[in-house]
Each structure stands twice: as C-alpha cells, then as structure tokens.
>>> print(open('structure-v4.pdb').read())   # PDB, C-alpha atoms
ATOM      1  CA  ALA A   1     -28.934   1.957 -16.921
ATOM      2  CA  LEU A   2     -25.159   2.107 -17.043
ATOM      3  CA  ARG A   3     -23.447  -1.290 -17.039
ATOM      4  CA  PHE A   4     -19.797  -2.368 -16.917
ATOM      5  CA  GLU A   5     -19.030  -6.044 -17.390
ATOM      6  CA  ASP A   6     -15.870  -8.097 -17.199
ATOM      7  CA  ALA A   7     -16.245 -11.509 -18.849
ATOM      8  CA  TYR A   8     -13.389 -13.081 -16.855
ATOM      9  CA  GLY A   9     -14.412 -11.481 -13.551
ATOM     10  CA  ASP A  10     -10.958 -10.278 -12.503
ATOM     11  CA  GLY A  11     -11.526  -6.523 -12.828
ATOM     12  CA  LEU A  12      -9.070  -4.166 -14.476
ATOM     13  CA  LEU A  13      -5.564  -5.477 -13.885
ATOM     14  CA  ASN A  14      -2.140  -3.890 -14.530
ATOM     15  CA  ASP A  15      -2.862  -0.388 -13.196
ATOM     16  CA  GLY A  16      -6.315  -0.211 -14.782
ATOM     17  CA  TYR A  17      -9.186   1.375 -12.890
ATOM     18  CA  LEU A  18     -12.772   2.508 -13.290
ATOM     19  CA  LYS A  19     -14.211   5.697 -11.853
ATOM     20  CA  VAL A  20     -17.946   6.369 -12.175
ATOM     21  CA  THR A  21     -19.254   9.781 -11.133
ATOM     22  CA  TRP A  22     -22.894  10.931 -11.209
ATOM     23  CA  ASN A  23     -24.052  14.390 -10.039
ATOM     24  CA  ASN A  24     -20.616  15.056  -8.514
ATOM     25  CA  GLU A  25     -20.815  11.879  -6.397
ATOM     26  CA  VAL A  26     -18.291   9.105  -6.944
ATOM     27  CA  LEU A  27     -20.280   5.876  -7.270
ATOM     28  CA  TYR A  28     -17.296   3.620  -7.845
ATOM     29  CA  ASN A  29     -13.544   4.103  -7.891
ATOM     30  CA  GLY A  30     -11.364   1.024  -8.135
ATOM     31  CA  TRP A  31     -10.193  -1.853 -10.245
ATOM     32  CA  ASP A  32     -11.701  -4.998  -8.701
ATOM     33  CA  PHE A  33     -15.333  -5.009  -9.774
ATOM     34  CA  GLY A  34     -15.637  -8.748 -10.327
ATOM     35  CA  SER A  35     -17.968  -9.566 -13.213
ATOM     36  CA  GLY A  36     -19.335  -6.030 -13.278
ATOM     37  CA  TYR A  37     -21.807  -3.542 -11.911
ATOM     38  CA  GLU A  38     -24.940  -1.892 -13.133
ATOM     39  CA  TRP A  39     -26.293   1.467 -12.046
ATOM     40  CA  THR A  40     -29.851   2.628 -12.685
ATOM     41  CA  LEU A  41     -29.678   6.373 -13.201
ATOM     42  CA  ASP A  42     -32.844   8.424 -12.833
ATOM     43  CA  THR A  43     -32.280  11.450 -15.050
ATOM     44  CA  GLY A  44     -35.636  12.987 -14.135
ATOM     45  CA  GLY A  45     -36.794  13.078 -17.767
ATOM     46  CA  CYS A  46     -35.996  15.503 -20.538
ATOM     47  CA  GLY A  47     -35.884  19.166 -19.609
ATOM     48  CA  ASN A  48     -36.054  18.538 -15.875
ATOM     49  CA  SER A  49     -33.547  20.781 -14.086
ATOM     50  CA  ASP A  50     -33.805  18.932 -10.762
ATOM     51  CA  PRO A  51     -30.785  16.739 -10.020
ATOM     52  CA  ALA A  52     -31.396  13.012 -10.244
ATOM     53  CA  PRO A  53     -31.335  11.022  -7.000
ATOM     54  CA  ALA A  54     -28.117   9.185  -6.233
ATOM     55  CA  PRO A  55     -28.066   5.812  -8.024
ATOM     56  CA  THR A  56     -27.518   2.531  -6.255
ATOM     57  CA  PRO A  57     -24.944   0.111  -7.691
ATOM     58  CA  VAL A  58     -26.155  -3.440  -8.039
ATOM     59  CA  ALA A  59     -24.208  -6.564  -8.820
ATOM     60  CA  SER A  60     -24.091  -7.593 -12.438
ATOM     61  CA  PRO A  61     -26.396 -10.490 -13.269
ATOM     62  CA  THR A  62     -23.368 -12.235 -14.764
ATOM     63  CA  PRO A  63     -21.913 -14.501 -12.044
ATOM     64  CA  ALA A  64     -18.189 -14.327 -11.374
ATOM     65  CA  PRO A  65     -16.425 -17.164 -13.204
ATOM     66  CA  GLN A  66     -14.728 -19.846 -11.171
ATOM     67  CA  PRO A  67     -10.963 -20.258 -11.535
ATOM     68  CA  VAL A  68      -9.876 -23.046 -13.869
ATOM     69  CA  GLY A  69      -9.487 -26.393 -12.104
ATOM     70  CA  SER A  70     -10.698 -25.110  -8.756
ATOM     71  CA  ASP A  71     -13.835 -24.119  -6.929
ATOM     72  CA  CYS A  72     -14.178 -20.680  -5.399
ATOM     73  CA  THR A  73     -16.344 -19.015  -2.750
ATOM     74  CA  THR A  74     -17.529 -15.401  -2.932
ATOM     75  CA  LEU A  75     -16.144 -13.025  -0.314
ATOM     76  CA  THR A  76     -18.074  -9.756   0.071
ATOM     77  CA  VAL A  77     -17.020  -6.874   2.329
ATOM     78  CA  GLU A  78     -19.608  -4.119   2.708
ATOM     79  CA  PHE A  79     -18.883  -1.074   4.816
ATOM     80  CA  ARG A  80     -19.825   2.532   5.503
ATOM     81  CA  THR A  81     -16.978   4.838   6.418
ATOM     82  CA  ASP A  82     -17.162   7.171   9.366
ATOM     83  CA  ASP A  83     -15.959  10.778   9.750
ATOM     84  CA  TYR A  84     -12.333   9.601   9.518
ATOM     85  CA  PRO A  85     -12.074   7.399   6.407
ATOM     86  CA  GLU A  86      -8.330   7.992   6.154
ATOM     87  CA  GLU A  87      -7.994   5.586   9.115
ATOM     88  CA  THR A  88      -9.481   2.688   7.107
ATOM     89  CA  LEU A  89      -7.338   0.223   5.133
ATOM     90  CA  ILE A  90      -8.630  -3.005   3.603
ATOM     91  CA  SER A  91      -6.439  -5.560   1.880
ATOM     92  CA  LEU A  92      -6.852  -9.088   0.631
ATOM     93  CA  TYR A  93      -3.959 -11.270  -0.486
ATOM     94  CA  ASN A  94      -2.795 -14.820  -1.023
ATOM     95  CA  ASN A  95       0.006 -16.825  -2.511
ATOM     96  CA  PRO A  96       0.280 -17.268  -5.562
ATOM     97  CA  ASP A  97      -1.954 -14.325  -6.600
ATOM     98  CA  GLY A  98      -0.370 -11.708  -4.332
ATOM     99  CA  ILE A  99      -2.430  -8.600  -3.583
ATOM    100  CA  ILE A 100      -6.064  -8.893  -4.634
ATOM    101  CA  TRP A 101      -7.293  -5.735  -2.846
ATOM    102  CA  ASP A 102      -5.261  -2.908  -1.384
ATOM    103  CA  GLU A 103      -7.922  -0.317  -0.687
ATOM    104  CA  ALA A 104      -7.579   3.055   1.035
ATOM    105  CA  GLY A 105      -8.426   6.681   0.294
ATOM    106  CA  PHE A 106     -12.133   6.304   1.018
ATOM    107  CA  GLN A 107     -14.581   9.203   1.241
ATOM    108  CA  THR A 108     -16.327  10.332   4.438
ATOM    109  CA  ASN A 109     -19.600   8.584   5.364
ATOM    110  CA  LYS A 110     -19.917   6.610   2.116
ATOM    111  CA  ASP A 111     -21.032   3.038   1.399
ATOM    112  CA  TYR A 112     -18.616   0.649  -0.294
ATOM    113  CA  THR A 113     -18.778  -2.970  -1.444
ATOM    114  CA  LEU A 114     -15.792  -5.146  -2.333
ATOM    115  CA  SER A 115     -16.407  -8.612  -3.708
ATOM    116  CA  THR A 116     -14.398 -11.394  -5.314
ATOM    117  CA  CYS A 117     -14.479 -15.156  -5.681
ATOM    118  CA  LEU A 118     -11.658 -16.777  -3.676
ATOM    119  CA  ARG A 119     -10.145 -20.095  -4.653
ATOM    120  CA  ASN A 120     -10.873 -22.764  -2.063
ATOM    121  CA  ASP A 121      -7.576 -24.619  -2.649
ATOM    122  CA  ILE A 122      -5.356 -21.792  -1.345
ATOM    123  CA  CYS A 123      -5.326 -19.639   1.796
ATOM    124  CA  SER A 124      -6.358 -15.988   1.394
ATOM    125  CA  THR A 125      -6.005 -13.318   4.099
ATOM    126  CA  LEU A 126      -8.349 -10.373   4.653
ATOM    127  CA  ASP A 127      -6.751  -7.540   6.640
ATOM    128  CA  VAL A 128      -9.092  -4.781   7.875
ATOM    129  CA  THR A 129      -7.310  -1.964   9.720
ATOM    130  CA  ASP A 130      -8.411   1.156  11.599
ATOM    131  CA  THR A 131      -5.178   3.049  12.295
ATOM    132  CA  PHE A 132      -6.687   5.046  15.201
ATOM    133  CA  GLY A 133      -8.303   2.016  16.830
ATOM    134  CA  ASP A 134     -11.798   3.443  17.287
ATOM    135  CA  GLY A 135     -13.602   1.375  14.648
ATOM    136  CA  PHE A 136     -16.326   2.728  12.369
ATOM    137  CA  LEU A 137     -17.991   5.489  14.406
ATOM    138  CA  ASN A 138     -21.104   7.600  13.690
ATOM    139  CA  GLN A 139     -23.252   5.092  11.766
ATOM    140  CA  GLY A 140     -20.253   3.401  10.152
ATOM    141  CA  TYR A 141     -20.092  -0.396   9.988
ATOM    142  CA  ILE A 142     -18.440  -3.331   8.257
ATOM    143  CA  SER A 143     -19.967  -6.629   7.197
ATOM    144  CA  VAL A 144     -17.979  -9.630   5.933
ATOM    145  CA  THR A 145     -19.827 -12.425   4.110
ATOM    146  CA  TYR A 146     -18.179 -15.613   2.837
ATOM    147  CA  GLY A 147     -20.451 -17.678   0.633
ATOM    148  CA  ASN A 148     -23.839 -17.372   2.338
ATOM    149  CA  THR A 149     -22.424 -16.928   5.849
ATOM    150  CA  VAL A 150     -22.126 -13.512   7.515
ATOM    151  CA  LEU A 151     -18.900 -13.746   9.520
ATOM    152  CA  TYR A 152     -18.800 -10.217  10.921
ATOM    153  CA  ASP A 153     -21.327  -7.371  11.088
ATOM    154  CA  ASP A 154     -20.472  -4.563  13.499
ATOM    155  CA  TRP A 155     -18.834  -1.152  13.810
ATOM    156  CA  ASP A 156     -16.416  -1.834  16.665
ATOM    157  CA  ILE A 157     -13.300  -3.319  15.068
ATOM    158  CA  GLY A 158     -10.764  -1.669  17.381
ATOM    159  CA  PHE A 159      -7.509  -1.522  15.428
ATOM    160  CA  GLY A 160      -8.855  -4.120  13.016
ATOM    161  CA  PHE A 161      -8.838  -7.831  12.344
ATOM    162  CA  TYR A 162      -7.581 -10.600  10.072
ATOM    163  CA  MET A 163      -9.680 -13.365   8.542
ATOM    164  CA  TYR A 164      -8.417 -16.401   6.663
ATOM    165  CA  PHE A 165     -10.285 -18.179   3.858
ATOM    166  CA  GLY A 166      -9.634 -21.433   2.023
ATOM    167  CA  ASP A 167      -9.129 -25.121   2.704
ATOM    168  CA  THR A 168      -5.368 -24.808   3.332
ATOM    169  CA  CYS A 169      -5.406 -22.164   6.081
TER     170      CYS A 169
END
>>> encode(input="structure-v4.pdb", output="structure tokens")
Amino acid sequence: ALRFEDAYGDGLLNDGYLKVTWNNEVLYNGWDFGSGYEWTLDTGGCGNSDPAPAPTPVASPTPAPQPVGSDCTTLTVEFRTDDYPEETLISLYNNPDGIIWDEAGFQTNKDYTLSTCLRNDICSTLDVTDTFGDGFLNQGYISVTYGNTVLYDDWDIGFGFYMYFGDTC
C-alpha cells in the first residue's frame, strides 16, 4: 500500500502538489487531498513481468479535521470525464478562504474525486462548468454529495451549474 496523509487535512498549500503515477497512469494529480489517500498496488509478485492492474484510490481512514471553532460538512465531487476533458472546469471558493479548488486539465475518460470539509458558518460556492455545453458525454458523469445527501448525479449539466453550501448562503 502507498499512503499519503495530511494531519491538518488542508492538502498541500502554497503551490504544493502531489502527483502519483503507476504503470504510466496518473492516479492523482493535485494539491487538495484532504486528510490523505491510500492506494493498494498489486505488483504481481516478485519476478512477474505482467503489469499490475490499475490501483483504486481510497480515502484515508483518518477523518478530515474540523476547523477550529466551527463545524464543517464534507463536500465530495466525483466525476468521470468524457472525450473532451478540456471543456471541464471545477472550482470551489468562499470568503474568507478564497479559492479552495480550481481544477482543470483533466485526462480523457478518467475518474476523479475531489473532497473537502466546508465550514458551516460561511457560504461556499461550487462552480462546475462545461465550456461547450454538452455535459459529460460517452459514459461521463458527475455526482455531488454534501454530508450524506447526494445533491446531483447525472451527466447532462449543459454549460454547468452553481451550488451554494453553508448556513449563511
């Protein structure tokens, strides 16, 4: 197993990033990995020349810490890109934190998961954009979960959508 953990749960800030590649496949490329990820890598045993199957990232067993003096709720965005990933932009921001996610540059037909714990005492905005307006075609999809509630699970986003989270929205 390969594990990356962040004790504070805020990822790699100030231009930091993590890129994990296995068998020429990028498993993770970004900075906001919450409390961490763990990948189970099947190497096929010693002396085996067959490539190992692609690993599946799983959430770290360490829960994301809650911000000091405030409760937070986990926001998870899972999606599979289509044949035109350059059309997809996903951002999350609020005041006072500013930009939490500003994600683009995805690979074709790949699964991605973004997750963070949002403070309940401020308003955060999720902005999902498809610049061509055709949504996630050819088996693509996007699912947005806030706490234990699935708010959106579909492929047809048109040009995109906004969602607002927090008690002050």
>>> closest_residue(input="structure-v4.pdb", among="A:Val150, A:Lys110, A:Thr74, A:Thr125", to="Leu92 in chain A", atoms="all atoms listed in the file")
A:Thr125
>>> resolve_selection(input="structure-v4.pdb", expression="the PyMOL selection byres ((chain A and resi 82-85) around 7)", output="count of residues only")
14
>>> atom_distance(input="structure-v4.pdb", atom1="CA of Asn120 in chain A", atom2="CA of Ile157 in chain A")
26.0 Å
>>> residues_around(input="structure-v4.pdb", residues="Thr149 in chain A", least_positions_apart="6", cutoff="12 Å", atoms="all atoms listed in the file", output="PDB file with C-alpha atoms, keeping the file's coordinate frame")
ATOM      1  CA  THR A  73     -16.344 -19.015  -2.750  1.00  0.00           C
ATOM      2  CA  THR A  74     -17.529 -15.401  -2.932  1.00  0.00           C
ATOM      3  CA  LEU A  75     -16.144 -13.025  -0.314  1.00  0.00           C
ATOM      4  CA  THR A  76     -18.074  -9.756   0.071  1.00  0.00           C
ATOM      5  CA  VAL A  77     -17.020  -6.874   2.329  1.00  0.00           C
ATOM      6  CA  SER A 143     -19.967  -6.629   7.197  1.00  0.00           C
TER       7      SER A 143
END
>>> residues_around(input="structure-v4.pdb", residues="Gly135 in chain A", least_positions_apart="2", cutoff="8 Å", atoms="all atoms listed in the file", output="list in words")
Asp130, Phe132, Gly133, Leu137, Trp155, Asp156, Ile157, Gly158, Phe159 and Gly160 of chain A
>>> closest_residue(input="structure-v4.pdb", among="A:Ser115, A:Thr21, A:Thr131, A:Thr168", to="Asn94 in chain A", atoms="only C-alpha atoms")
A:Thr168
